[in-house]
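Undergrad: Sending over a structure as structure tokens; questions will come in a sec.
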Amino acid sequence: MTKTDRTVLVVEDEEKLAALLRDYLEAAGFGVHCLYRADEVMPWLSSHDADLIILDLMLPGGDGLNLCNDIRHAFPIPIIMSTARVEEADRLRGLESGADDYVCKPYSLREMVARVKAMFRRMERTPFPRENSPVSPFTVDPARMTIRVQGQPLDLTRVEYRLLSHLLEQPGVVFSRDALLNIIYDDYRLVCERTIDSHIKNLRRKLAPHCPGKQIIHSVYGAGYRFDPE
Ligand code: CA
């Protein structure tokens, strides 16, 4: 396997699992650094570079969700959250905390490596190279993965960016939940369709202050979602 210059930070207190992740990720060509406590992460990130973080939810030394939020606000690094808590509420909280992907334990190491690769592929893609319509209030910047509404930047996770940029690309077109999952996750076997509803809910909440009184992402009963600013 060719060596990449990507570094993955693994934050995992199960040392055996952390060591296995290191072996698998290194075999796939990634650089790996392991941390075993929540309170080590922000100090480490302030003086080192990571391109992606695999973050366990339950860690000694702090709350994984708060940590996810802190990372999200301080560093533009995608986060794959892993946890043994499988309840739906925790899945949604995980997504709302800003994680870009979410994997339930026990997961296969191959699966995790596949997700890491998929995340890097998504970061490299530039899905929205075309010029924005001059009348559209939305500006998409694929290089920075940002979307602005009338010049105001939206604070989006990478998954939300992918979702919204795809909807913006084809206004008026109805996309099924399945199609949208396919767009935002390369491998979505572990993700349920309700995940899309959660992302859409978050997107609507983030768009609302910029588009008062307007519903921009429409639910189409029995079919899916459609972007329509009119
Ligand atoms: Ca743990």
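Letters A, B, ... mark the chains of the structure tokens in the order given; residue numbers begin at 1 per chain; ligand numbers begin at 1, in order shown.
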Let me have all residues with an atom within 9 Å of ligand 1, counting only C-alpha atoms and all ligand atoms, laid out as a list of chain:residue names.
TA: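 Counting only what the definition allows, namely only C-alpha atoms and all ligand atoms, the set is A:Val11, A:Glu12, A:Asp13, A:Glu14, A:Tyr36, A:Asp56, A:Leu57, A:Met58, A:Leu59, A:Pro60, A:Ser82, A:Thr83, A:Ala84.
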Undergrad: What would the file look like if the residues just selected were written as a CSV table (one decimal), in the first residue's frame with N, CA, C and O atoms?
TA:
```csv
chain,number,residue,atom,x,y,z
A,11,VAL,N,-8.1,8.5,19.4
A,11,VAL,CA,-8.3,8.7,20.8
A,11,VAL,C,-9.2,7.6,21.4
A,11,VAL,O,-10.4,7.6,21.1
A,12,GLU,N,-8.5,6.7,22.1
A,12,GLU,CA,-9.2,5.4,22.4
A,12,GLU,C,-8.5,4.9,23.7
A,12,GLU,O,-7.3,4.7,23.7
A,13,ASP,N,-9.4,4.7,24.7
A,13,ASP,CA,-8.8,4.3,26.0
A,13,ASP,C,-8.6,2.8,26.1
A,13,ASP,O,-7.9,2.3,27.0
A,14,GLU,N,-9.2,2.0,25.2
A,14,GLU,CA,-9.0,0.6,25.2
A,14,GLU,C,-7.7,0.4,24.4
A,14,GLU,O,-7.6,0.5,23.2
A,36,TYR,N,-4.9,8.4,24.9
A,36,TYR,CA,-5.8,7.5,25.7
A,36,TYR,C,-6.7,8.2,26.6
A,36,TYR,O,-7.5,7.5,27.3
A,56,ASP,N,-13.2,8.1,20.5
A,56,ASP,CA,-14.1,7.3,21.3
A,56,ASP,C,-14.9,8.2,22.2
A,56,ASP,O,-14.5,9.3,22.6
A,57,LEU,N,-16.2,7.8,22.4
A,57,LEU,CA,-17.1,8.7,23.1
A,57,LEU,C,-16.8,8.6,24.6
A,57,LEU,O,-16.8,9.6,25.3
A,58,MET,N,-16.6,7.4,25.1
A,58,MET,CA,-16.4,7.2,26.6
A,58,MET,C,-15.0,7.1,26.9
A,58,MET,O,-14.3,6.2,26.5
A,59,LEU,N,-14.4,8.2,27.5
A,59,LEU,CA,-13.0,8.3,27.7
A,59,LEU,C,-12.8,8.7,29.2
A,59,LEU,O,-13.6,9.5,29.7
A,60,PRO,N,-11.7,8.3,29.8
A,60,PRO,CA,-11.3,8.9,31.0
A,60,PRO,C,-10.8,10.4,30.8
A,60,PRO,O,-10.3,10.7,29.7
A,82,SER,N,-16.6,7.0,17.7
A,82,SER,CA,-17.0,5.6,17.9
A,82,SER,C,-17.5,5.5,19.3
A,82,SER,O,-17.0,6.2,20.2
A,83,THR,N,-18.4,4.6,19.5
A,83,THR,CA,-19.0,4.4,20.8
A,83,THR,C,-19.7,3.1,21.0
A,83,THR,O,-20.1,2.5,20.0
A,84,ALA,N,-19.8,2.6,22.2
A,84,ALA,CA,-20.5,1.4,22.5
A,84,ALA,C,-22.0,1.8,22.8
A,84,ALA,O,-22.8,0.9,22.9
```
Undergrad: Any idea what's packed within 9 Å of stretch 75-79 of chain A, counting only C-alpha atoms, ignoring anything in its chain fewer than 4 positions away? Could you give it as a list in words?
TA: Leu45, Ala50, Asp51, Leu52, Ile53, Ile54, Leu55, Cys68, Asp70, Ile71, Gly98, Ala99, Asp100, Asp101, Tyr102, Met119, Thr157 and Arg158 of chain A
Undergrad: Between atom CA of A:Gly64 and atom CA of A:Arg115, what distance in Å does the model show, to one decimal?
TA: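 That distance, rounded to one decimal, is 19.8 Å.
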Undergrad: Which residue out of A:Glu15, A:Leu20, A:His166, A:Ile217 has the minimum interatomic distance to A:Leu35 when only C-alpha atoms are used?
TA: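 For A:Leu35, the nearest of the candidates is A:Glu15.
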Undergrad: Skipping near chain neighbours, those fewer than 2 positions away, what residues fall within 7 Å of A:Glu193 using only C-alpha atoms, listed as a ChimeraX atom specification?
TA: /A:177-178,191,195-196
Undergrad: What is the distance between atom CA of A:Met112 and atom CA of A:Ile184, in Å to one decimal?
TA: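 One can read the atom CA of A:Met112 to atom CA of A:Ile184 distance as 16.2 Å.
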Undergrad: Point out the residue among A:Leu167, A:Val32, A:Arg148, A:Ser47 with the least atom-to-atom distance to A:Thr4, counting only C-alpha atoms.
TA: A:Val32
Undergrad: Check the DSSP output for the backbone and give back, as a ChimeraX atom specification, the residues of stretch 28-198 of chain A in alpha helix (DSSP H).
TA: /A:41-47,64-74,88-96,109-124,158-169,177-184,194-198
Undergrad: Those same residues - C-alpha atoms - I'd like them written as a short mmCIF file (atom, residue, chain, number, x, y, z; two decimals), in the first residue's frame.
TA:
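Contents of again.cif, freshly written:
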```
data_model
loop_
_atom_site.label_atom_id
_atom_site.label_comp_id
_atom_site.auth_asym_id
_atom_site.auth_seq_id
_atom_site.Cartn_x
_atom_site.Cartn_y
_atom_site.Cartn_z
CA VAL A 41 -6.43 15.86 23.10
CA MET A 42 -6.69 19.66 22.98
CA PRO A 43 -3.13 20.21 24.30
CA TRP A 44 -1.81 17.71 21.74
CA LEU A 45 -3.71 19.32 18.86
CA SER A 46 -2.44 22.76 19.76
CA SER A 47 1.11 21.69 18.94
CA GLY A 64 -16.34 12.76 24.62
CA LEU A 65 -19.22 14.87 23.32
CA ASN A 66 -17.88 18.07 24.88
CA LEU A 67 -14.46 17.22 23.51
CA CYS A 68 -15.94 16.69 20.04
CA ASN A 69 -17.54 20.13 20.25
CA ASP A 70 -14.31 21.73 21.44
CA ILE A 71 -12.30 20.18 18.61
CA ARG A 72 -14.95 21.17 16.09
CA HIS A 73 -14.81 24.82 17.13
CA ALA A 74 -11.03 25.04 17.32
CA GLU A 88 -30.70 6.46 18.98
CA ALA A 89 -30.55 9.53 21.20
CA ASP A 90 -26.81 9.09 21.48
CA ARG A 91 -26.47 8.68 17.73
CA LEU A 92 -28.24 11.98 17.21
CA ARG A 93 -26.31 13.73 19.96
CA GLY A 94 -23.15 12.43 18.35
CA LEU A 95 -24.10 14.01 15.05
CA GLU A 96 -25.22 17.24 16.69
CA LEU A 109 -11.06 -2.70 11.81
CA ARG A 110 -11.40 -3.01 8.05
CA GLU A 111 -14.66 -1.11 8.27
CA MET A 112 -12.97 1.68 10.20
CA VAL A 113 -10.09 1.89 7.73
CA ALA A 114 -12.63 2.01 4.88
CA ARG A 115 -14.41 4.89 6.59
CA VAL A 116 -11.17 6.77 7.13
CA LYS A 117 -10.32 6.37 3.44
CA ALA A 118 -13.84 7.40 2.45
CA MET A 119 -13.58 10.53 4.58
CA PHE A 120 -10.32 11.50 2.88
CA ARG A 121 -11.85 10.83 -0.56
CA ARG A 122 -14.75 13.11 0.29
CA MET A 123 -12.35 15.84 1.42
CA GLU A 124 -10.51 15.61 -1.89
CA ARG A 158 -18.57 18.17 6.59
CA VAL A 159 -21.58 15.92 6.24
CA GLU A 160 -23.90 18.94 6.29
CA TYR A 161 -21.70 20.66 3.72
CA ARG A 162 -21.90 17.68 1.39
CA LEU A 163 -25.63 17.39 1.86
CA LEU A 164 -26.43 21.06 1.31
CA SER A 165 -24.01 21.53 -1.60
CA HIS A 166 -25.62 18.54 -3.32
CA LEU A 167 -29.14 19.87 -2.77
CA LEU A 168 -28.06 23.34 -3.97
CA GLU A 169 -26.63 21.87 -7.13
CA ARG A 177 -33.20 9.51 1.87
CA ASP A 178 -31.38 6.53 0.42
CA ALA A 179 -29.90 8.62 -2.40
CA LEU A 180 -28.79 11.30 0.05
CA LEU A 181 -27.17 8.70 2.34
CA ASN A 182 -25.36 7.39 -0.70
CA ILE A 183 -24.04 10.87 -1.43
CA ILE A 184 -22.79 11.70 2.03
CA ARG A 194 -33.31 8.60 10.13
CA THR A 195 -29.74 9.90 10.14
CA ILE A 196 -30.67 12.00 7.10
CA ASP A 197 -33.64 13.48 8.96
CA SER A 198 -31.30 14.47 11.76
#
```
Undergrad: Per DSSP on the backbone, what are the strand (DSSP E or B) residues of stretch 11-207 of chain A, as a tab-separated table (two decimals) with C-alpha atoms, in the first residue's frame?
TA:
```tsv
chain	number	residue	atom	x	y	z
A	11	VAL	CA	-8.29	8.75	20.83
A	31	GLY	CA	0.65	8.03	10.05
A	32	VAL	CA	-0.96	7.34	13.43
A	33	HIS	CA	-0.77	8.92	16.85
A	34	CYS	CA	-2.67	7.45	19.79
A	35	LEU	CA	-3.99	9.26	22.85
A	52	LEU	CA	-8.56	13.12	10.87
A	53	ILE	CA	-9.56	12.07	14.38
A	54	ILE	CA	-11.10	8.79	15.48
A	55	LEU	CA	-12.68	9.73	18.78
A	56	ASP	CA	-14.10	7.30	21.31
A	58	MET	CA	-16.45	7.22	26.57
A	59	LEU	CA	-13.01	8.28	27.74
A	62	GLY	CA	-13.48	14.22	30.14
A	63	ASP	CA	-16.73	13.92	28.22
A	79	ILE	CA	-14.05	13.47	13.32
A	80	ILE	CA	-15.23	9.88	13.23
A	81	MET	CA	-16.86	9.16	16.57
A	82	SER	CA	-16.95	5.63	17.92
A	83	THR	CA	-18.97	4.39	20.83
A	101	ASP	CA	-19.29	10.16	10.92
A	102	TYR	CA	-20.35	7.78	13.61
A	103	VAL	CA	-19.48	4.12	14.14
A	104	CYS	CA	-20.94	1.76	16.73
A	138	PHE	CA	-25.73	30.84	-1.71
A	139	THR	CA	-22.00	30.77	-2.43
A	140	VAL	CA	-20.24	27.41	-2.30
A	141	ASP	CA	-16.50	27.24	-1.83
A	146	THR	CA	-17.83	26.33	3.17
A	147	ILE	CA	-21.21	27.69	2.14
A	148	ARG	CA	-22.26	31.32	2.60
A	149	VAL	CA	-25.73	32.79	2.50
A	152	GLN	CA	-22.65	35.05	5.89
A	153	PRO	CA	-20.82	31.75	6.46
A	174	VAL	CA	-36.44	15.43	-5.08
A	175	PHE	CA	-33.83	13.17	-3.50
```
Undergrad: Calculate how many Å separate atom CA of A:Lys201 from atom CA of A:Leu154, rounding to one decimal.
TA: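 One can read the atom CA of A:Lys201 to atom CA of A:Leu154 distance as 14.5 Å.
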Undergrad: Extract, using only C-alpha atoms, all DNA, RNA and protein residues at most 9 Å from A:Phe30, discarding same-chain residues fewer than 2 positions from it, and format them as a list in words.
TA: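 The neighbour list is Lys3, Thr4, Asp5, Arg6, Thr7, Val8, Arg22, Tyr24, Leu25, Glu26, Ala27, Ala28 and Val32 of chain A.
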Undergrad: Which residue out of A:Ser97, A:Gln170, A:Ser176, A:Gln150 has the minimum interatomic distance to A:Pro209 when only C-alpha atoms are used?
TA: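 Closest to A:Pro209, using only C-alpha atoms: A:Gln150.
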